[in-house]
Every structure is written in C-alpha cells, then in structure tokens.
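Printed here is query-v1.cif (mmCIF, C-alpha atoms and all ligand atoms):
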data_run
#
loop_
_atom_site.label_atom_id
_atom_site.label_comp_id
_atom_site.auth_asym_id
_atom_site.auth_seq_id
_atom_site.Cartn_x
_atom_site.Cartn_y
_atom_site.Cartn_z
CA MET X 1 -37.76 82.20 -5.14
CA SER X 2 -34.12 82.62 -4.21
CA GLY X 3 -30.77 83.63 -5.60
CA THR X 4 -28.82 86.80 -6.07
CA PRO X 5 -30.99 89.75 -5.15
CA ILE X 6 -29.61 92.31 -7.56
CA ALA X 7 -28.09 91.56 -10.93
CA PRO X 8 -24.71 93.25 -11.42
CA THR X 9 -25.89 94.72 -14.70
CA MET X 10 -29.25 96.28 -15.41
CA SER X 11 -31.78 93.82 -16.73
CA GLU X 12 -33.93 94.37 -19.78
CA PRO X 13 -36.89 94.75 -19.53
CA PRO X 14 -36.67 96.53 -16.19
CA THR X 15 -37.33 94.26 -13.24
CA VAL X 16 -39.26 94.66 -10.00
CA TRP X 17 -37.46 92.64 -7.32
CA ILE X 18 -39.81 91.77 -4.45
CA ALA X 19 -38.40 90.69 -1.10
CA GLU X 20 -40.00 87.40 -0.02
CA PRO X 21 -41.34 88.79 3.31
CA ALA X 22 -43.01 91.63 1.37
CA SER X 23 -44.48 89.11 -1.08
CA ARG X 24 -45.90 87.02 1.77
CA LEU X 25 -47.47 90.11 3.35
CA LEU X 26 -48.90 91.13 -0.03
CA HIS X 27 -50.67 87.78 -0.33
CA GLU X 28 -51.92 87.87 3.28
CA VAL X 29 -53.41 91.32 2.82
CA ALA X 30 -54.95 90.32 -0.53
CA GLU X 31 -56.57 87.23 0.97
CA ALA X 32 -57.87 89.09 4.03
CA GLN X 33 -60.21 91.17 1.81
CA TYR X 34 -60.99 88.65 -0.91
CA PRO X 35 -63.34 88.76 -2.83
CA LEU X 36 -63.16 92.53 -2.38
CA GLU X 37 -60.35 94.66 -3.77
CA THR X 38 -57.59 95.86 -1.53
CA GLY X 39 -54.15 97.43 -1.92
CA GLY X 40 -51.75 100.06 -0.66
CA SER X 41 -48.23 101.34 -1.28
CA LEU X 42 -44.92 99.82 -2.33
CA LEU X 43 -41.80 100.73 -0.33
CA GLY X 44 -38.20 100.29 -1.43
CA TYR X 45 -35.63 101.82 -3.73
CA ALA X 46 -34.51 102.02 -7.34
CA VAL X 47 -31.32 100.56 -8.80
CA GLY X 48 -30.73 101.83 -12.31
CA ASP X 49 -33.88 100.91 -14.23
CA ASP X 50 -34.87 98.25 -11.69
CA PHE X 51 -36.89 98.56 -8.50
CA VAL X 52 -36.52 96.71 -5.22
CA VAL X 53 -39.68 96.33 -3.12
CA MET X 54 -38.63 95.77 0.49
CA ASP X 55 -42.03 96.20 2.14
CA ILE X 56 -45.64 96.90 1.33
CA VAL X 57 -48.25 99.02 3.10
CA GLY X 58 -51.72 97.58 3.55
CA PRO X 59 -54.96 99.49 2.92
CA GLY X 60 -55.31 101.14 6.34
CA PRO X 61 -58.39 101.42 8.57
CA GLY X 62 -60.02 104.21 6.52
CA ALA X 63 -59.80 102.39 3.18
CA THR X 64 -62.91 101.46 1.22
CA HIS X 65 -63.13 98.02 -0.37
CA GLN X 66 -65.57 97.14 -3.11
CA ARG X 67 -65.82 94.32 -5.58
CA TYR X 68 -64.28 96.32 -8.46
CA ARG X 69 -62.97 99.36 -6.69
CA PHE X 70 -60.58 100.19 -3.90
CA SER X 71 -59.56 103.45 -2.25
CA PRO X 72 -56.68 103.45 0.27
CA ASP X 73 -56.52 105.32 3.57
CA ALA X 74 -54.27 108.18 2.41
CA ASP X 75 -53.19 109.29 5.90
CA PHE X 76 -52.29 105.72 6.84
CA GLN X 77 -50.24 105.36 3.65
CA GLN X 78 -48.33 108.60 4.25
CA GLU X 79 -47.59 107.72 7.88
CA ALA X 80 -46.27 104.25 6.93
CA ILE X 81 -44.14 105.77 4.15
CA ASN X 82 -42.69 108.33 6.57
CA VAL X 83 -41.92 105.69 9.21
CA ARG X 84 -40.07 103.52 6.69
CA PHE X 85 -38.22 106.51 5.24
CA PHE X 86 -36.85 107.59 8.62
CA ALA X 87 -36.20 104.03 9.82
CA THR X 88 -33.95 103.45 6.78
CA GLN X 89 -32.32 106.92 6.81
CA GLY X 90 -34.10 107.74 3.56
CA ARG X 91 -32.94 104.65 1.70
CA GLU X 92 -36.42 103.18 1.32
CA THR X 93 -39.33 105.27 0.21
CA TYR X 94 -42.51 105.27 -1.87
CA LEU X 95 -42.26 103.46 -5.21
CA GLY X 96 -45.89 103.30 -6.25
CA ASP X 97 -49.18 101.58 -5.48
CA TRP X 98 -50.47 98.02 -5.54
CA HIS X 99 -53.95 96.54 -5.57
CA THR X 100 -55.82 93.33 -6.23
CA HIS X 101 -58.14 92.21 -9.03
CA PRO X 102 -60.15 89.49 -7.25
CA ASP X 103 -61.08 86.83 -9.82
CA GLY X 104 -59.82 89.25 -12.48
CA GLN X 105 -56.97 89.64 -14.93
CA ALA X 106 -53.46 90.93 -14.21
CA GLN X 107 -54.01 93.80 -16.63
CA MET X 108 -54.31 97.53 -16.16
CA SER X 109 -57.89 98.79 -16.38
CA TRP X 110 -58.73 102.20 -17.76
CA LEU X 111 -59.14 103.39 -14.18
CA ASP X 112 -55.75 101.90 -13.21
CA ARG X 113 -54.07 103.82 -16.05
CA ARG X 114 -55.72 107.01 -14.91
CA THR X 115 -54.67 106.35 -11.30
CA LEU X 116 -51.05 105.72 -12.28
CA SER X 117 -50.98 108.93 -14.35
CA ARG X 118 -52.42 110.81 -11.40
CA ILE X 119 -49.76 109.41 -9.07
CA ALA X 120 -47.08 110.54 -11.54
CA ARG X 121 -48.53 114.06 -11.62
CA LYS X 122 -48.91 114.25 -7.83
CA THR X 123 -45.31 113.16 -7.17
CA PRO X 124 -43.22 115.38 -9.48
CA ASP X 125 -40.31 115.30 -7.01
CA MET X 126 -39.96 111.52 -7.22
CA ARG X 127 -36.63 110.49 -8.74
CA TRP X 128 -38.33 107.80 -10.84
CA GLU X 129 -41.65 107.11 -12.50
CA PRO X 130 -44.19 105.39 -10.22
CA LEU X 131 -45.05 101.68 -10.35
CA MET X 132 -48.38 99.90 -10.24
CA LEU X 133 -48.33 96.31 -9.02
CA LEU X 134 -51.41 94.18 -9.60
CA LEU X 135 -52.27 90.91 -7.91
CA ALA X 136 -55.03 89.14 -9.84
CA GLY X 137 -56.83 85.97 -8.93
CA ARG X 138 -57.88 84.30 -5.72
CA PRO X 139 -56.40 82.79 -2.56
CA TYR X 140 -53.61 80.34 -3.52
CA GLY X 141 -53.96 81.42 -7.15
CA TRP X 142 -52.65 84.97 -7.49
CA SER X 143 -50.89 86.27 -10.61
CA PRO X 144 -48.74 89.39 -10.24
CA ALA X 145 -48.04 92.00 -12.89
CA ALA X 146 -46.09 95.25 -12.61
CA PHE X 147 -46.29 98.37 -14.75
CA LEU X 148 -44.06 101.42 -14.85
CA HIS X 149 -45.50 104.81 -15.71
CA ALA X 150 -44.03 106.19 -18.91
CA LYS X 151 -44.22 109.82 -19.94
CA SER X 152 -45.91 110.29 -23.30
CA GLY X 153 -45.27 113.93 -24.10
CA TRP X 154 -49.01 114.60 -24.08
CA PRO X 155 -50.22 117.14 -21.52
CA PHE X 156 -51.77 116.05 -18.23
CA GLY X 157 -50.67 112.44 -18.69
CA LEU X 158 -53.90 111.72 -20.56
CA HIS X 159 -52.20 109.44 -23.02
CA SER X 160 -49.33 108.24 -20.90
CA ALA X 161 -48.24 104.68 -21.47
CA GLN X 162 -47.37 101.93 -19.05
CA ARG X 163 -44.45 99.64 -19.49
CA ASP X 164 -44.62 95.99 -18.53
CA MET X 165 -41.98 94.92 -16.04
CA THR X 166 -40.47 91.59 -15.11
CA ILE X 167 -41.14 90.44 -11.53
CA ARG X 168 -38.58 88.46 -9.57
CA TYR X 169 -38.33 87.48 -5.92
CA PHE X 170 -35.36 87.42 -3.59
CA THR X 171 -34.51 86.64 0.01
CA PRO X 172 -33.10 89.69 1.79
CA HIS X 173 -30.01 89.14 3.94
ZN ZN X 201 -57.13 97.68 -11.02
#
Have the structure of the file written as structure tokens, please.
Amino acid sequence: MSGTPIAPTMSEPPTVWIAEPASRLLHEVAEAQYPLETGGSLLGYAVGDDFVVMDIVGPGPGATHQRYRFSPDADFQQEAINVRFFATQGRETYLGDWHTHPDGQAQMSWLDRRTLSRIARKTPDMRWEPLMLLLAGRPYGWSPAAFLHAKSGWPFGLHSAQRDMTIRYFTPH
C-alpha cells in the first residue's frame, strides 16, 4: 500500500491508482450501509491510460439503498464534484461511479453494464471513458474491481464492452 504513485511509463493493462485516504473513506462508507448497497462518484484525474482517484463522494442524503440496488443523490454528487473541481482549479473532476455488492461478487451485473453505458452517453464532453469501481464483500473483507467503459461501435452503447483494470494504492504527498 505504498510506493511511487505514478509509474513513469503507462502501465498495461490500464491502472486505477487509489489514494489511501480515498480508499479508507470508500471502506467506511461501504460499511456504514452494509448489508445494503451504497456508492457514489470517483474524483481525480487521468494520466495517459491510467486514472488517479484522489477522493470519493458518498451516496448523499437523498440516495436510496436496497439489498441489490442503489441510487445516488444526483444533486449531492454534482455539488461535491463542483466543489472538488473548483478547489483544485479544475485538476480533479468526475471519473466515474462506484458502488458496493454486499456479500456479492466483484463483477459487473447486467444493470451495472447498462449504468456505465448510460454514464458514457450522458457525459459526451468527458475527455476519457467513465470508470465503474465495485467493492464486493463485507466489512473487513472487501474485494475491489474496476472497469473502464469501452466504445463498441454499436449505437446507443447497447453492446458496449467494459475493460478490466488493475487497481493499485498510493500515499499522496
Ligand atoms: Zn452492481
């Protein structure tokens, strides 16, 4: 859980680097709602094909949490994204979404694939494809997995693919 934050050359497969404070917050938020699903947004920046997650946004007060379903508070997400964007002079912004699979697998469900495709369609001005980070398991036993949206050439993103990403952690300076 330490070492050089950013490799000098791009890594293959693409890597999601998660800052340790963001990782701790991710786990705290996940455990606060367990065994219900929860989630939110990922904030950071892209470096080549890699992504750096500097902070996460929690669900927000208007979110709905169910056993196999989660819907974030959209206004809360947008406000948190805006605050981070201005606080970092635009360096850190929205990278994608994250959510938990309590007692589940770190794999994209059909609904997750549809959600990620919808995010990609709703954010055409993003300079990169959106991410989906999953945290599957239970308190003290979470497994992360990250997926990058990939354009398929099919209309409406109906058949868009997701690409598995490597996850690594780093300590920000
Ligand atoms: Zn899911």
_Expected selection as a ChimeraX atom specification for ligand ZN 201 (chain X) within 12 Å, only C-alpha atoms and all ligand atoms_ = /X:36-40,66-71,97-116,132-137,144-147
_If we draw a sphere of 12 Å around (-39.6, 111.8, -9.2), which residues have at least one atom in it when counting only C-alpha atoms? Please report them as a list in words._
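These residues have at least one counted atom within 12 Å: Ala46, Thr93, Tyr94, Leu95, Gly96, Ile119, Ala120, Arg121, Lys122, Thr123, Pro124, Asp125, Met126, Arg127, Trp128, Glu129, Pro130, Leu131, His149 and Lys151 of chain X.
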*Take the point (-43.3, 97.5, -3.8) in the file's coordinates, draw a sphere of radius 7 Å around it, and report as a list in words every protein, DNA or RNA residue with an atom inside or on it, counting all atoms listed in the file.*
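Checking each residue against the 7 Å limit leaves Ile18, Ser41, Leu42, Leu43, Gly44, Val52, Val53, Met54, Asp55, Ile56, Leu95 and Gly96 of chain X.
For X:Glu20, the residues within 12 Å (counting all atoms listed in the file, excluding itself and residues fewer than 4 positions away along the chain) are Met1, Ser2, Gly3, Pro5, Arg24, Leu25, Leu26, His27, Val52, Val53, Met54, Asp55, Ile56, Ile167, Arg168, Tyr169, Phe170, Thr171, Pro172 and His173 of chain X.
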Please produce a file of those selected residues containing C-alpha atoms, as a compact mmCIF listing (two decimals), in the coordinates of the input.
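Result went into out-v7.txt, see below:
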# COMPACT_ATOMS: atom_id res chain seq x y z
CA MET X 1 -37.76 82.20 -5.14
CA SER X 2 -34.12 82.62 -4.21
CA GLY X 3 -30.77 83.63 -5.60
CA PRO X 5 -30.99 89.75 -5.15
CA ARG X 24 -45.90 87.02 1.77
CA LEU X 25 -47.47 90.11 3.35
CA LEU X 26 -48.90 91.13 -0.03
CA HIS X 27 -50.67 87.78 -0.33
CA VAL X 52 -36.52 96.71 -5.22
CA VAL X 53 -39.68 96.33 -3.12
CA MET X 54 -38.63 95.77 0.49
CA ASP X 55 -42.03 96.20 2.14
CA ILE X 56 -45.64 96.90 1.33
CA ILE X 167 -41.14 90.44 -11.53
CA ARG X 168 -38.58 88.46 -9.57
CA TYR X 169 -38.33 87.48 -5.92
CA PHE X 170 -35.36 87.42 -3.59
CA THR X 171 -34.51 86.64 0.01
CA PRO X 172 -33.10 89.69 1.79
CA HIS X 173 -30.01 89.14 3.94
*Between X:Gly58, X:Pro35, X:Pro14, X:Gly90, which is the closest to X:Pro139 once you count all atoms listed in the file?*
X:Pro35
*To one decimal in Å, tell me the separation between atom CA of X:Pro59 and atom CA of X:Tyr34.*
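Atom CA of X:Pro59 sits 13.0 Å away from atom CA of X:Tyr34.
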_For X:Ser117, the nearest of the candidates X:Ala19, X:Trp142, X:Glu31, X:Ala150, counting all atoms listed in the file_ = X:Ala150
*Quick one: distance from atom CA of X:Asp49 to atom CA of X:Gln162 in Å, one decimal?*
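Separation between atom CA of X:Asp49 and atom CA of X:Gln162: 14.4 Å.
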*Measure the distance from atom CA of X:Val57 to atom CA of X:Pro13 in Å and round it to one decimal.*
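The value is 25.7 Å.
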*May I ask which of the residues X:Phe51, X:Pro72, X:Tyr45, X:Gln33 is the closest one to X:Trp17, counting all atoms listed in the file?*
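Residue with the minimum atom-to-atom distance to X:Trp17: X:Phe51.
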